[in-house]
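Here's start-v1.pdb, which has PDB, C-alpha atoms:
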```pdb
ATOM      1  CA  MET I 296     -93.721 -61.937  42.506
ATOM      2  CA  ARG I 297     -93.002 -58.630  40.780
ATOM      3  CA  LYS I 298     -95.300 -58.006  37.879
ATOM      4  CA  PRO I 299     -93.416 -56.437  34.949
ATOM      5  CA  GLY I 300     -95.363 -53.899  33.008
ATOM      6  CA  GLY I 301     -94.942 -50.982  30.676
ATOM      7  CA  THR I 302     -93.103 -51.277  27.393
ATOM      8  CA  VAL I 303     -93.511 -54.524  25.494
ATOM      9  CA  HIS I 304     -90.180 -55.622  24.071
ATOM     10  CA  LYS I 305     -90.518 -57.472  20.780
ATOM     11  CA  VAL I 306     -87.530 -59.779  20.425
ATOM     12  CA  ALA I 307     -86.234 -61.228  17.160
ATOM     13  CA  ILE I 308     -83.837 -64.161  17.530
ATOM     14  CA  LEU I 309     -81.890 -64.500  14.284
ATOM     15  CA  THR I 310     -81.205 -67.959  12.919
ATOM     16  CA  TYR I 311     -79.570 -69.204   9.722
ATOM     17  CA  ASP I 312     -78.511 -72.450   8.111
ATOM     18  CA  ASN I 313     -76.154 -74.488  10.324
ATOM     19  CA  ALA I 314     -76.866 -72.369  13.403
ATOM     20  CA  ALA I 315     -75.520 -73.427  16.796
ATOM     21  CA  LEU I 316     -78.401 -75.030  18.653
ATOM     22  CA  PHE I 317     -77.303 -74.375  22.256
ATOM     23  CA  GLU I 318     -77.065 -70.607  21.845
ATOM     24  CA  LEU I 319     -80.356 -70.534  19.924
ATOM     25  CA  ALA I 320     -81.982 -72.517  22.731
ATOM     26  CA  CYS I 321     -80.563 -70.124  25.366
ATOM     27  CA  ALA I 322     -82.064 -67.128  23.555
ATOM     28  CA  THR I 323     -85.391 -68.895  23.163
ATOM     29  CA  GLU I 324     -85.483 -69.952  26.813
ATOM     30  CA  LEU I 325     -84.602 -66.463  28.054
ATOM     31  CA  PHE I 326     -86.904 -64.391  25.882
ATOM     32  CA  GLY I 327     -89.412 -66.765  24.304
ATOM     33  CA  LEU I 328     -90.524 -69.027  27.119
ATOM     34  CA  SER I 329     -93.935 -68.079  28.464
ATOM     35  CA  ARG I 330     -93.819 -66.552  31.946
ATOM     36  CA  PRO I 331     -97.455 -66.703  33.158
ATOM     37  CA  GLU I 332     -96.424 -65.485  36.623
ATOM     38  CA  PHE I 333     -95.889 -62.040  35.063
ATOM     39  CA  ASP I 334     -98.541 -59.687  33.694
ATOM     40  CA  SER I 335     -96.369 -59.057  30.641
ATOM     41  CA  TRP I 336     -93.221 -60.524  29.180
ATOM     42  CA  TYR I 337     -91.247 -60.355  25.968
ATOM     43  CA  GLU I 338     -92.928 -61.073  22.660
ATOM     44  CA  CYS I 339     -90.431 -63.278  20.872
ATOM     45  CA  GLU I 340     -89.964 -64.888  17.465
ATOM     46  CA  VAL I 341     -87.147 -66.868  15.906
ATOM     47  CA  VAL I 342     -86.580 -65.194  12.545
ATOM     48  CA  THR I 343     -84.572 -65.861   9.423
ATOM     49  CA  PHE I 344     -83.908 -64.094   6.154
ATOM     50  CA  SER I 345     -83.654 -67.486   4.397
ATOM     51  CA  GLU I 346     -86.327 -69.614   2.763
ATOM     52  CA  GLY I 347     -87.399 -73.066   3.794
ATOM     53  CA  PRO I 348     -86.205 -75.346   6.522
ATOM     54  CA  LEU I 349     -82.768 -74.679   7.988
ATOM     55  CA  SER I 350     -80.345 -77.150   9.521
ATOM     56  CA  ALA I 351     -78.829 -76.685  12.951
ATOM     57  CA  THR I 352     -76.304 -78.628  14.989
ATOM     58  CA  ALA I 353     -76.527 -82.415  14.446
ATOM     59  CA  GLY I 354     -78.963 -82.015  11.548
ATOM     60  CA  VAL I 355     -81.877 -80.653  13.573
ATOM     61  CA  GLN I 356     -84.310 -78.951  11.189
ATOM     62  CA  LEU I 357     -85.600 -75.448  11.990
ATOM     63  CA  LEU I 358     -88.368 -73.314  10.564
ATOM     64  CA  GLY I 359     -87.969 -69.722  11.651
ATOM     65  CA  LYS I 360     -90.334 -66.941  10.657
ATOM     66  CA  GLN I 361     -89.053 -65.633   7.331
ATOM     67  CA  VAL I 362     -88.632 -61.840   7.412
ATOM     68  CA  LYS I 363     -87.439 -59.179   4.985
ATOM     69  CA  HIS I 364     -86.750 -56.553   7.680
ATOM     70  CA  LEU I 365     -86.594 -56.136  11.455
ATOM     71  CA  ASP I 366     -88.744 -53.009  11.774
ATOM     72  CA  ASN I 367     -91.342 -54.716  14.006
ATOM     73  CA  TYR I 368     -88.823 -55.632  16.724
ATOM     74  CA  SER I 369     -87.109 -53.682  19.502
ATOM     75  CA  VAL I 370     -84.452 -56.257  20.474
ATOM     76  CA  LEU I 371     -82.342 -58.422  18.170
ATOM     77  CA  VAL I 372     -80.494 -61.476  19.484
ATOM     78  CA  VAL I 373     -77.773 -63.036  17.330
ATOM     79  CA  PRO I 374     -77.154 -66.366  19.103
ATOM     80  CA  SER I 375     -74.247 -67.371  16.861
ATOM     81  CA  TRP I 376     -72.655 -66.682  13.486
ATOM     82  CA  PRO I 377     -70.098 -68.561  11.403
ATOM     83  CA  THR I 378     -66.530 -67.570  12.235
ATOM     84  CA  GLU I 379     -64.994 -68.711   8.944
ATOM     85  CA  ASN I 380     -65.960 -67.932   5.359
ATOM     86  CA  ALA I 381     -69.239 -66.326   6.350
ATOM     87  CA  SER I 382     -70.330 -63.624   4.008
ATOM     88  CA  VAL I 383     -73.191 -61.482   5.228
ATOM     89  CA  PRO I 384     -76.144 -61.487   2.845
ATOM     90  CA  ASP I 385     -77.041 -57.992   1.671
ATOM     91  CA  VAL I 386     -80.556 -58.163   3.147
ATOM     92  CA  VAL I 387     -79.127 -59.103   6.575
ATOM     93  CA  ASP I 388     -76.510 -56.337   6.358
ATOM     94  CA  LYS I 389     -79.075 -53.647   5.526
ATOM     95  CA  ALA I 390     -81.673 -54.822   8.049
ATOM     96  CA  ILE I 391     -79.280 -55.013  11.006
ATOM     97  CA  LYS I 392     -77.572 -51.713  10.203
ATOM     98  CA  LYS I 393     -80.980 -50.008  10.012
ATOM     99  CA  PHE I 394     -81.982 -51.669  13.284
ATOM    100  CA  HIS I 395     -78.842 -50.242  14.901
ATOM    101  CA  ARG I 396     -79.355 -46.767  13.384
ATOM    102  CA  ASP I 397     -82.867 -46.813  14.825
ATOM    103  CA  GLY I 398     -81.297 -47.115  18.294
ATOM    104  CA  LYS I 399     -82.637 -50.580  19.053
ATOM    105  CA  ARG I 400     -80.859 -53.120  21.268
ATOM    106  CA  ILE I 401     -78.692 -55.854  19.803
ATOM    107  CA  LEU I 402     -77.311 -58.826  21.730
ATOM    108  CA  SER I 403     -74.817 -61.351  20.439
ATOM    109  CA  PHE I 404     -74.131 -64.661  22.101
ATOM    110  CA  CYS I 405     -70.781 -66.405  21.624
ATOM    111  CA  SER I 406     -69.766 -66.231  17.927
ATOM    112  CA  GLY I 407     -72.656 -63.865  17.140
ATOM    113  CA  ALA I 408     -70.155 -61.056  17.787
ATOM    114  CA  PHE I 409     -68.550 -61.922  14.442
ATOM    115  CA  LEU I 410     -71.662 -60.739  12.598
ATOM    116  CA  LEU I 411     -71.825 -57.462  14.531
ATOM    117  CA  ALA I 412     -68.109 -56.846  14.008
ATOM    118  CA  GLU I 413     -68.337 -57.716  10.305
ATOM    119  CA  LEU I 414     -71.059 -55.076   9.938
ATOM    120  CA  GLY I 415     -68.862 -52.499  11.718
ATOM    121  CA  LEU I 416     -71.279 -52.132  14.632
ATOM    122  CA  LEU I 417     -68.569 -52.940  17.184
ATOM    123  CA  ASN I 418     -65.931 -50.549  15.828
ATOM    124  CA  GLY I 419     -64.683 -48.363  18.675
ATOM    125  CA  ARG I 420     -66.604 -50.484  21.214
ATOM    126  CA  LYS I 421     -65.687 -53.131  23.719
ATOM    127  CA  ALA I 422     -66.765 -56.649  22.772
ATOM    128  CA  SER I 423     -66.201 -60.270  23.675
ATOM    129  CA  THR I 424     -66.752 -63.679  22.152
ATOM    130  CA  HIS I 425     -65.873 -67.279  22.980
ATOM    131  CA  TRP I 426     -62.235 -67.639  24.089
ATOM    132  CA  ARG I 427     -61.545 -70.161  21.315
ATOM    133  CA  TYR I 428     -62.226 -67.413  18.744
ATOM    134  CA  ALA I 429     -60.440 -64.568  20.591
ATOM    135  CA  GLU I 430     -57.277 -64.529  18.501
ATOM    136  CA  LEU I 431     -59.153 -64.756  15.205
ATOM    137  CA  PHE I 432     -61.619 -62.059  16.296
ATOM    138  CA  GLN I 433     -58.853 -59.651  17.339
ATOM    139  CA  ARG I 434     -56.897 -60.241  14.149
ATOM    140  CA  ARG I 435     -59.936 -59.806  11.893
ATOM    141  CA  TYR I 436     -61.472 -56.811  13.710
ATOM    142  CA  PRO I 437     -58.683 -54.523  14.956
ATOM    143  CA  LEU I 438     -61.088 -51.575  15.382
ATOM    144  CA  VAL I 439     -62.945 -53.472  18.115
ATOM    145  CA  THR I 440     -61.592 -53.434  21.678
ATOM    146  CA  TYR I 441     -61.640 -57.115  22.579
ATOM    147  CA  VAL I 442     -62.231 -57.790  26.292
ATOM    148  CA  ASP I 443     -60.873 -61.045  27.647
ATOM    149  CA  ASP I 444     -61.901 -62.923  30.815
ATOM    150  CA  VAL I 445     -65.414 -61.488  31.141
ATOM    151  CA  LEU I 446     -68.792 -63.173  30.865
ATOM    152  CA  TYR I 447     -70.225 -60.365  28.753
ATOM    153  CA  VAL I 448     -69.890 -56.741  27.729
ATOM    154  CA  TYR I 449     -73.116 -54.703  27.660
ATOM    155  CA  ASP I 450     -73.611 -50.951  27.440
ATOM    156  CA  GLY I 451     -77.407 -50.889  27.270
ATOM    157  CA  THR I 452     -77.443 -50.796  23.470
ATOM    158  CA  ILE I 453     -75.135 -53.589  22.318
ATOM    159  CA  GLY I 454     -74.175 -56.660  24.315
ATOM    160  CA  CYS I 455     -71.763 -59.487  23.534
ATOM    161  CA  SER I 456     -71.435 -62.600  25.655
ATOM    162  CA  ALA I 457     -68.207 -64.552  25.800
ATOM    163  CA  GLY I 458     -68.710 -68.316  25.676
ATOM    164  CA  SER I 459     -71.899 -70.166  24.944
ATOM    165  CA  SER I 460     -73.254 -70.420  28.476
ATOM    166  CA  ALA I 461     -72.252 -66.813  29.221
ATOM    167  CA  ALA I 462     -75.204 -65.994  26.966
ATOM    168  CA  ILE I 463     -77.428 -66.838  29.916
ATOM    169  CA  ASP I 464     -75.625 -64.270  32.071
ATOM    170  CA  LEU I 465     -76.018 -61.551  29.451
ATOM    171  CA  GLY I 466     -79.672 -62.457  28.962
ATOM    172  CA  ILE I 467     -80.340 -62.297  32.703
ATOM    173  CA  GLU I 468     -78.675 -58.869  32.841
ATOM    174  CA  VAL I 469     -80.972 -57.618  30.089
ATOM    175  CA  ILE I 470     -84.048 -59.077  31.815
ATOM    176  CA  ARG I 471     -82.963 -57.503  35.125
ATOM    177  CA  GLY I 472     -82.600 -54.153  33.380
ATOM    178  CA  ASP I 473     -86.042 -54.432  31.797
ATOM    179  CA  PHE I 474     -87.977 -55.903  34.719
ATOM    180  CA  GLY I 475     -85.817 -55.560  37.837
ATOM    181  CA  TYR I 476     -84.540 -58.271  40.120
TER
END
```

Structure re-expressed in structure tokens:
Amino acid sequence: MRKPGGTVHKVAILTYDNAALFELACATELFGLSRPEFDSWYECEVVTFSEGPLSATAGVQLLGKQVKHLDNYSVLVVPSWPTENASVPDVVDKAIKKFHRDGKRILSFCSGAFLLAELGLLNGRKASTHWRYAELFQRRYPLVTYVDDVLYVYDGTIGCSAGSSAAIDLGIEVIRGDFGY
């Protein structure tokens, strides 16, 4: 088996109250699951800007690592984000915009593209999200070039997966780029 080495990628998986559990689990499985067959792998934490326990799908309780910034990470994964009535807290806005300005990688799974678009990070870029949100996304974010009928869009800096399970495809593409086939 190929032994990845070199740069250690520190991954932050962003969670929030009422997060979608499947997409969060995909991100955790891809980047957080121990891979002892490799000499090195991602260092991964599920993070939140909120205090206390959070709820997820079906009332599952989560405790992410509470953070005030994302400076210690090199990859940010946004597994989901509310598509309706979701204001972006100021601390989240500032932290993610700084992360982007610092040239670090950001991945969104499914509805996570709504957060990136809301922050203006997808303006002038190609992006995708779940087909059920396509019309709403295009109407709300006309400066983003929405791409239909793809599993993901990824340019090496920002990636957006389409539906929920397409997150796995985007994650595998990132892993392939970091560690090879």

Can you spell out as a PyMOL selection string the set of residues that the PyMOL selection byres ((chain I and resi 399) around 10) selects in the structure I just provided?
chain I and resi 366+368-371+391+393-398+400-401+451-453

Around the point (-93.3, -64.7, 8.0) (coordinates from the file), which residues reach within 12 Å if we count only C-alpha atoms? Answer as an NGL selection string.
:I and (340-347 or 358-365 or 367)

List the spatial neighbours of Leu402 of chain I as a PDB file with C-alpha atoms, in the frame of the given file - criterion: any atom at most 9 Å away, only C-alpha atoms, same-chain residues fewer than 6 positions off excluded.
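Contents of result-v1.pdb, as written:
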```pdb
ATOM      1  CA  VAL I 370     -84.452 -56.257  20.474  1.00  0.00           C
ATOM      2  CA  LEU I 371     -82.342 -58.422  18.170  1.00  0.00           C
ATOM      3  CA  VAL I 372     -80.494 -61.476  19.484  1.00  0.00           C
ATOM      4  CA  VAL I 373     -77.773 -63.036  17.330  1.00  0.00           C
ATOM      5  CA  PRO I 374     -77.154 -66.366  19.103  1.00  0.00           C
ATOM      6  CA  ALA I 408     -70.155 -61.056  17.787  1.00  0.00           C
ATOM      7  CA  TYR I 449     -73.116 -54.703  27.660  1.00  0.00           C
ATOM      8  CA  THR I 452     -77.443 -50.796  23.470  1.00  0.00           C
ATOM      9  CA  ILE I 453     -75.135 -53.589  22.318  1.00  0.00           C
ATOM     10  CA  GLY I 454     -74.175 -56.660  24.315  1.00  0.00           C
ATOM     11  CA  CYS I 455     -71.763 -59.487  23.534  1.00  0.00           C
ATOM     12  CA  SER I 456     -71.435 -62.600  25.655  1.00  0.00           C
ATOM     13  CA  LEU I 465     -76.018 -61.551  29.451  1.00  0.00           C
ATOM     14  CA  GLY I 466     -79.672 -62.457  28.962  1.00  0.00           C
TER      15      GLY I 466
END
```

Residues selected by the PyMOL selection byres ((chain I and resi 421) around 6), written as a count of residues only
4

Which is closest to Phe317 of chain I among I:Val355, I:Ala412, I:Ile467, I:Val303, if we use all atoms listed in the file?
I:Val355

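Minimum atom-to-atom distances from I:Ser335, I:Gln433, I:Gln356, I:Thr424 to Lys305 of chain I were compared using all atoms listed in the file, and the lowest value belongs to I:Ser335.
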
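Interatomic distance, atom CA of Glu413 of chain I against atom CA of Ser459 of chain I: 19.5 Å.
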
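With atom CA of Arg427 of chain I on one side and atom CA of Glu379 of chain I on the other, the separation reads 12.9 Å.
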
Any chance you could work out the residue set of the PyMOL selection byres ((chain I and resi 326) around 9) here, as a count of residues only?
17

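Taking atom CA of Leu431 of chain I as the reference point, atom CA of Val386 of chain I is found at 25.4 Å.
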
Considering all atoms listed in the file, can you say which of I:Pro437, I:Pro377, I:Gly419, I:Gly354 comes closest to Tyr311 of chain I?
I:Pro377

With 8 Å added on each side, what axis-aligned box encloses every listed atom of segment 344-352 of chain I? Give the centre and edge lengths in Å to one decimal, as lines of an AutoDock Vina configuration file.
```
center_x = -81.9
center_y = -71.4
center_z = 8.9
size_x = 27.1
size_y = 30.5
size_z = 28.2
```

For Leu414 of chain I, work out the shell of residues within 12 Å, counting only C-alpha atoms and skipping chain neighbours fewer than 5 positions away, then give it as a list of chain:residue names.
I:Ala381, I:Ser382, I:Val383, I:Pro384, I:Asp385, I:Val387, I:Asp388, I:Lys389, I:Ala390, I:Ile391, I:Lys392, I:Lys393, I:Phe394, I:His395, I:Gly407, I:Ala408, I:Phe409, I:Tyr436, I:Leu438, I:Val439

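Distances from I:Asp450, I:Ser350, I:Tyr428, I:Thr378 to Thr310 of chain I were compared using all atoms listed in the file, and the smallest one belongs to I:Ser350.
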